[in-house]
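Colleague: Structure provided below as structure tokens; questions to follow.
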Amino acid sequence: MKLMRNRIRPYAWGSRTALAELLGEPNHTGEPQAELWIGAHPDDPSMLVCEAPTGADSGTHSCDAAGTSLAQAIQADPHGTLGSDVAARFGARLPFLLKVLAVAAPLSLQAHPSVPQAKAGYAREEAAGVPLDAGHRNYKDEGSKPEMICALTRFEALCGFRKPAQTVELMTALVVPRLQAHICLLASRPDARGLRAMFGSFLSLDAAVRAELIREVVVACARKVREEGPFAAEYRTAIELAEQYPGDAGVLISLMLNRIVLAPGEALYVPDGNLHAYLSGTGVEIMANSDNVLRGGLTGKHVDVPELTSVMDFTASVPAVLRPVTRSDAEYDYPNPAGEFQLSRLELDGTGPVELGHEGPQIVLVIRGELTAHHEDGTTVTVRRGQSLWIPATDSGVTITGDAIAFRATDGLSTMALTA
């Protein structure tokens with residue numbers, strides 16, 4: 001087991017303070033700090049920190065991981081680091097990526113493909129000779145990208161399509177004549193076909209026509225917000241998005257989506273095909289280790305409308321807000337169907353040790369307080385607020401003690417087997 005040194009990604013939508021406060025390190029540059037990456041993603045793999053270990057066998061411990069990235073360690077010994085089952089299923093790569101997101105401005109509207117869609121899209125673009133780093137490339141790998149966000153603060157998101165009747169009611173109440181033709185597409189077919197038609201109609205508008213429609217919609221939204229009636233939060237979100245992304249179709253599309261608010265400790269699972277955007281807040285995110293993102297708005301990056309709509313699920317549904325389920329006195333699970341990952345919350349109160357038994361890879365991220373990990377060979381590692389610990393599959397018999405709140409990330413194969 002090793003401490004990890006993780007990298008911060010400075011995207012424009014990030015907070016200038018949230019990650020600095022978590023890590024206890026000043027943000028000297030003053031630039032936005034958006035994502036803390038914790039894992040073995042090839043673009044920014046975590047480094048394994050070699051400290052002089054303590055314990056009965058410390059004299060025989062080697063420091064061969066000094067200067068080694070987690071990705072390199074896994075490539076060198078996939079079965080030892082990941083376990084035989086994970087290596088057999090996912091190859092020589094960690095199947096999940098853990099992050100801390102600090103969202104100060106909305107992320108792009110996006111959806112992720114399923115595995116068959118990703119394999120087909122990747123093969124298509126490879127055959128066409130599209131460079132992997134091309135701005136218009138849609139598929140960077142053959143994987144799907146289900147994800148889950150667990151709120152550390154109040155966290156707001158758009159996720160999945162609202163029930164058609166409610167969207168018709170919301171838009172009709174704005175009394176915008178130019179909007180009526182789009183409303184009719186859904187009112188006449190209040191199902192997935194109608195949602196697809198309305199979605200496509202917003203994206204296909206001429207830029208000047210769309211900008212004028214958005215202007216009229218925003219004026220109407222401001223009027224409804226002042227009235228403090230139904231859908232006031234949704235109207236307010238559209239106004240805020242229009243200020244940041246003037247003329248963007250995502251402003252109109254946001255009015256079709258469920259607006260979700262998570263309290264600290266609550267989580268949201270986002271499956272393949274789900275159109276979503278994170279709006280604000282800080283949270284721990286875990287996802288399949290894939291780069292496949294198809295965007296639909298609220299971005300200056302490439303938007304491929306036909307490809308996006310081909311992978312999207314237009315079924316209307318209300319996303320379930322996940323609350324932790326007790327696994328033990330100190331551990332609480334966030335159940336989900338992904339085979340790539342599982343996430344739990346650890347709450348240590350200074351009493352007896354908590355066992356971290358698992359046959360695959362594990363990462364423990366401390367977000368409050370301090371804990372100590374104890375290996376059965378006598379080695380101990382202290383993990384403080386903002387730090388993370390890598391536990392390979394070969395390190396059985398790890399227990400933790402301390403006064404801390406932490407998140408534990410593992411593969412989801414054992415959970416998937418139980419629900420199969």
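By convention in this document, the chains of the structure tokens carry letters A, B, ... by their order, each chain's residues are numbered from 1, and ligands are numbered from 1 in the order they are shown.
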Give me the residues near Asp329 in chain A as a PDB file with all heavy atoms, in the first residue's frame, where near means some atom within 12 Å (using only C-alpha atoms) and where sequence neighbours in that chain fewer than 4 positions away do not count.
Modeller:
ATOM      1  N   VAL A 325     -26.219   2.979   1.987  1.00  0.00           N
ATOM      2  CA  VAL A 325     -26.771   1.793   2.626  1.00  0.00           C
ATOM      3  C   VAL A 325     -25.705   1.209   3.554  1.00  0.00           C
ATOM      4  O   VAL A 325     -24.551   1.037   3.159  1.00  0.00           O
ATOM      5  CB  VAL A 325     -27.178   0.741   1.572  1.00  0.00           C
ATOM      6  CG1 VAL A 325     -27.672  -0.531   2.250  1.00  0.00           C
ATOM      7  CG2 VAL A 325     -28.244   1.315   0.639  1.00  0.00           C
ATOM      8  N   ASP A 333     -22.437   1.941   1.739  1.00  0.00           N
ATOM      9  CA  ASP A 333     -22.314   1.746   0.296  1.00  0.00           C
ATOM     10  C   ASP A 333     -23.263   2.641  -0.492  1.00  0.00           C
ATOM     11  O   ASP A 333     -24.355   2.995  -0.024  1.00  0.00           O
ATOM     12  CB  ASP A 333     -22.627   0.302  -0.069  1.00  0.00           C
ATOM     13  CG  ASP A 333     -21.515  -0.653   0.320  1.00  0.00           C
ATOM     14  OD1 ASP A 333     -20.373  -0.185   0.489  1.00  0.00           O
ATOM     15  OD2 ASP A 333     -21.784  -1.859   0.446  1.00  0.00           O
ATOM     16  N   ARG A 345     -18.629   5.030   1.701  1.00  0.00           N
ATOM     17  CA  ARG A 345     -18.209   6.105   2.591  1.00  0.00           C
ATOM     18  C   ARG A 345     -17.811   5.490   3.926  1.00  0.00           C
ATOM     19  O   ARG A 345     -18.549   4.666   4.488  1.00  0.00           O
ATOM     20  CB  ARG A 345     -19.365   7.096   2.771  1.00  0.00           C
ATOM     21  CG  ARG A 345     -19.089   8.287   3.688  1.00  0.00           C
ATOM     22  CD  ARG A 345     -20.368   9.118   3.805  1.00  0.00           C
ATOM     23  NE  ARG A 345     -20.247  10.193   4.773  1.00  0.00           N
ATOM     24  CZ  ARG A 345     -19.961  11.446   4.469  1.00  0.00           C
ATOM     25  NH1 ARG A 345     -19.760  11.783   3.200  1.00  0.00           N
ATOM     26  NH2 ARG A 345     -19.878  12.367   5.410  1.00  0.00           N
ATOM     27  N   LEU A 346     -16.635   5.852   4.403  1.00  0.00           N
ATOM     28  CA  LEU A 346     -16.110   5.352   5.667  1.00  0.00           C
ATOM     29  C   LEU A 346     -16.211   6.446   6.723  1.00  0.00           C
ATOM     30  O   LEU A 346     -15.783   7.583   6.484  1.00  0.00           O
ATOM     31  CB  LEU A 346     -14.651   4.927   5.509  1.00  0.00           C
ATOM     32  CG  LEU A 346     -14.380   3.786   4.522  1.00  0.00           C
ATOM     33  CD1 LEU A 346     -12.912   3.763   4.132  1.00  0.00           C
ATOM     34  CD2 LEU A 346     -14.799   2.457   5.122  1.00  0.00           C
ATOM     35  N   GLU A 347     -16.779   6.117   7.874  1.00  0.00           N
ATOM     36  CA  GLU A 347     -16.903   7.070   8.969  1.00  0.00           C
ATOM     37  C   GLU A 347     -16.238   6.469  10.207  1.00  0.00           C
ATOM     38  O   GLU A 347     -16.808   5.607  10.869  1.00  0.00           O
ATOM     39  CB  GLU A 347     -18.369   7.408   9.224  1.00  0.00           C
ATOM     40  CG  GLU A 347     -19.042   8.070   8.016  1.00  0.00           C
ATOM     41  CD  GLU A 347     -20.487   8.485   8.287  1.00  0.00           C
ATOM     42  OE1 GLU A 347     -20.944   8.305   9.438  1.00  0.00           O
ATOM     43  OE2 GLU A 347     -21.141   8.980   7.339  1.00  0.00           O
ATOM     44  N   LEU A 348     -15.035   6.906  10.480  1.00  0.00           N
ATOM     45  CA  LEU A 348     -14.246   6.386  11.600  1.00  0.00           C
ATOM     46  C   LEU A 348     -14.358   7.334  12.784  1.00  0.00           C
ATOM     47  O   LEU A 348     -14.215   8.551  12.621  1.00  0.00           O
ATOM     48  CB  LEU A 348     -12.778   6.245  11.195  1.00  0.00           C
ATOM     49  CG  LEU A 348     -12.491   5.455   9.908  1.00  0.00           C
ATOM     50  CD1 LEU A 348     -10.999   5.409   9.655  1.00  0.00           C
ATOM     51  CD2 LEU A 348     -13.073   4.064   9.978  1.00  0.00           C
ATOM     52  N   ASP A 349     -14.585   6.778  13.963  1.00  0.00           N
ATOM     53  CA  ASP A 349     -14.793   7.607  15.146  1.00  0.00           C
ATOM     54  C   ASP A 349     -13.733   7.380  16.218  1.00  0.00           C
ATOM     55  O   ASP A 349     -13.935   7.714  17.393  1.00  0.00           O
ATOM     56  CB  ASP A 349     -16.187   7.370  15.726  1.00  0.00           C
ATOM     57  CG  ASP A 349     -16.393   5.913  16.150  1.00  0.00           C
ATOM     58  OD1 ASP A 349     -15.433   5.124  16.052  1.00  0.00           O
ATOM     59  OD2 ASP A 349     -17.523   5.586  16.574  1.00  0.00           O
ATOM     60  N   THR A 351     -12.640   4.492  17.291  1.00  0.00           N
ATOM     61  CA  THR A 351     -12.773   3.209  17.997  1.00  0.00           C
ATOM     62  C   THR A 351     -12.029   2.122  17.225  1.00  0.00           C
ATOM     63  O   THR A 351     -11.065   2.404  16.545  1.00  0.00           O
ATOM     64  CB  THR A 351     -14.249   2.852  18.188  1.00  0.00           C
ATOM     65  OG1 THR A 351     -14.895   2.808  16.901  1.00  0.00           O
ATOM     66  CG2 THR A 351     -14.945   3.899  19.046  1.00  0.00           C
ATOM     67  N   GLY A 352     -12.491   0.896  17.285  1.00  0.00           N
ATOM     68  CA  GLY A 352     -11.764  -0.253  16.762  1.00  0.00           C
ATOM     69  C   GLY A 352     -11.450  -0.183  15.281  1.00  0.00           C
ATOM     70  O   GLY A 352     -12.002   0.640  14.547  1.00  0.00           O
ATOM     71  N   PRO A 353     -10.569  -1.064  14.803  1.00  0.00           N
ATOM     72  CA  PRO A 353     -10.161  -1.065  13.397  1.00  0.00           C
ATOM     73  C   PRO A 353     -11.291  -1.506  12.463  1.00  0.00           C
ATOM     74  O   PRO A 353     -12.171  -2.264  12.847  1.00  0.00           O
ATOM     75  CB  PRO A 353      -9.002  -2.069  13.366  1.00  0.00           C
ATOM     76  CG  PRO A 353      -9.256  -2.975  14.520  1.00  0.00           C
ATOM     77  CD  PRO A 353      -9.885  -2.106  15.582  1.00  0.00           C
ATOM     78  N   VAL A 354     -11.233  -1.012  11.229  1.00  0.00           N
ATOM     79  CA  VAL A 354     -12.176  -1.377  10.174  1.00  0.00           C
ATOM     80  C   VAL A 354     -11.411  -2.150   9.114  1.00  0.00           C
ATOM     81  O   VAL A 354     -10.372  -1.688   8.617  1.00  0.00           O
ATOM     82  CB  VAL A 354     -12.824  -0.121   9.553  1.00  0.00           C
ATOM     83  CG1 VAL A 354     -13.706  -0.492   8.369  1.00  0.00           C
ATOM     84  CG2 VAL A 354     -13.622   0.636  10.604  1.00  0.00           C
ATOM     85  N   GLU A 355     -11.893  -3.328   8.771  1.00  0.00           N
ATOM     86  CA  GLU A 355     -11.229  -4.154   7.765  1.00  0.00           C
ATOM     87  C   GLU A 355     -11.599  -3.691   6.360  1.00  0.00           C
ATOM     88  O   GLU A 355     -12.752  -3.352   6.084  1.00  0.00           O
ATOM     89  CB  GLU A 355     -11.633  -5.621   7.939  1.00  0.00           C
ATOM     90  CG  GLU A 355     -11.154  -6.245   9.242  1.00  0.00           C
ATOM     91  CD  GLU A 355     -11.464  -7.722   9.318  1.00  0.00           C
ATOM     92  OE1 GLU A 355     -11.939  -8.278   8.301  1.00  0.00           O
ATOM     93  OE2 GLU A 355     -11.222  -8.320  10.378  1.00  0.00           O
TER      94      GLU A 355
END
Colleague: Among the residues of range 28-225 of chain A, find those DSSP assigns to strand (DSSP E or B) from the backbone and print them as a PyMOL selection string.
Modeller: chain A and resi 33+35-38+47-49+54+68-69+96-103+109-111+147-151+155-161
Colleague: Which of these residues is nearest to Arg327 in chain A, using only C-alpha atoms: A:Gln72, A:Asp141, A:His276, A:Ser344?
Modeller: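 The closest residue to Arg327 in chain A is A:Ser344.
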Colleague: Contacts of Gly135 in chain A at 10 Å or less, counting only C-alpha atoms, minus same-chain residues fewer than 3 places along, as a ChimeraX atom specification?
Modeller: /A:130-132,138,301-302
Colleague: Could those selected residues go to a file with all heavy atoms, as an mmCIF file, in the first residue's frame?
Modeller:
data_model
loop_
_atom_site.group_PDB
_atom_site.id
_atom_site.type_symbol
_atom_site.label_atom_id
_atom_site.label_comp_id
_atom_site.auth_asym_id
_atom_site.auth_seq_id
_atom_site.Cartn_x
_atom_site.Cartn_y
_atom_site.Cartn_z
ATOM 1 N N VAL A 130 -8.965 9.112 -38.358
ATOM 2 C CA VAL A 130 -9.114 10.324 -37.544
ATOM 3 C C VAL A 130 -8.115 10.258 -36.385
ATOM 4 O O VAL A 130 -8.158 9.302 -35.597
ATOM 5 C CB VAL A 130 -10.552 10.455 -36.983
ATOM 6 C CG1 VAL A 130 -10.687 11.733 -36.161
ATOM 7 C CG2 VAL A 130 -11.561 10.421 -38.115
ATOM 8 N N PRO A 131 -7.211 11.215 -36.246
ATOM 9 C CA PRO A 131 -6.230 11.164 -35.151
ATOM 10 C C PRO A 131 -6.911 11.159 -33.789
ATOM 11 O O PRO A 131 -7.953 11.799 -33.596
ATOM 12 C CB PRO A 131 -5.410 12.446 -35.346
ATOM 13 C CG PRO A 131 -5.606 12.814 -36.779
ATOM 14 C CD PRO A 131 -6.996 12.374 -37.126
ATOM 15 N N LEU A 132 -6.315 10.430 -32.832
ATOM 16 C CA LEU A 132 -6.899 10.342 -31.493
ATOM 17 C C LEU A 132 -7.014 11.700 -30.824
ATOM 18 O O LEU A 132 -7.918 11.934 -30.018
ATOM 19 C CB LEU A 132 -6.061 9.407 -30.611
ATOM 20 C CG LEU A 132 -6.420 7.925 -30.634
ATOM 21 C CD1 LEU A 132 -5.429 7.134 -29.798
ATOM 22 C CD2 LEU A 132 -7.846 7.694 -30.137
ATOM 23 N N ASN A 138 -14.763 11.709 -31.774
ATOM 24 C CA ASN A 138 -15.786 11.392 -30.781
ATOM 25 C C ASN A 138 -15.372 10.272 -29.831
ATOM 26 O O ASN A 138 -15.696 10.306 -28.641
ATOM 27 C CB ASN A 138 -17.087 10.977 -31.478
ATOM 28 C CG ASN A 138 -17.747 12.120 -32.216
ATOM 29 O OD1 ASN A 138 -17.826 13.238 -31.717
ATOM 30 N ND2 ASN A 138 -18.222 11.848 -33.427
ATOM 31 N N LYS A 301 -16.571 23.285 -27.370
ATOM 32 C CA LYS A 301 -15.953 22.125 -27.993
ATOM 33 C C LYS A 301 -16.871 21.531 -29.064
ATOM 34 O O LYS A 301 -18.017 21.936 -29.233
ATOM 35 C CB LYS A 301 -15.617 21.077 -26.929
ATOM 36 C CG LYS A 301 -14.563 21.546 -25.931
ATOM 37 C CD LYS A 301 -14.216 20.447 -24.942
ATOM 38 C CE LYS A 301 -13.139 20.896 -23.966
ATOM 39 N NZ LYS A 301 -12.767 19.834 -22.995
ATOM 40 N N HIS A 302 -16.340 20.531 -29.755
ATOM 41 C CA HIS A 302 -17.030 19.883 -30.864
ATOM 42 C C HIS A 302 -18.364 19.278 -30.426
ATOM 43 O O HIS A 302 -18.437 18.576 -29.408
ATOM 44 C CB HIS A 302 -16.124 18.787 -31.425
ATOM 45 C CG HIS A 302 -16.740 17.965 -32.506
ATOM 46 N ND1 HIS A 302 -17.187 18.492 -33.694
ATOM 47 C CD2 HIS A 302 -16.980 16.624 -32.580
ATOM 48 C CE1 HIS A 302 -17.665 17.526 -34.454
ATOM 49 N NE2 HIS A 302 -17.552 16.382 -33.802
#
Colleague: For Val318 in chain A, which of A:Ile260, A:Leu343, A:Leu152, A:Ala157 is the closest residue, counting only C-alpha atoms?
Modeller: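 Looking only at the distances to Val318 in chain A, the closest residue turns out to be A:Ile260.
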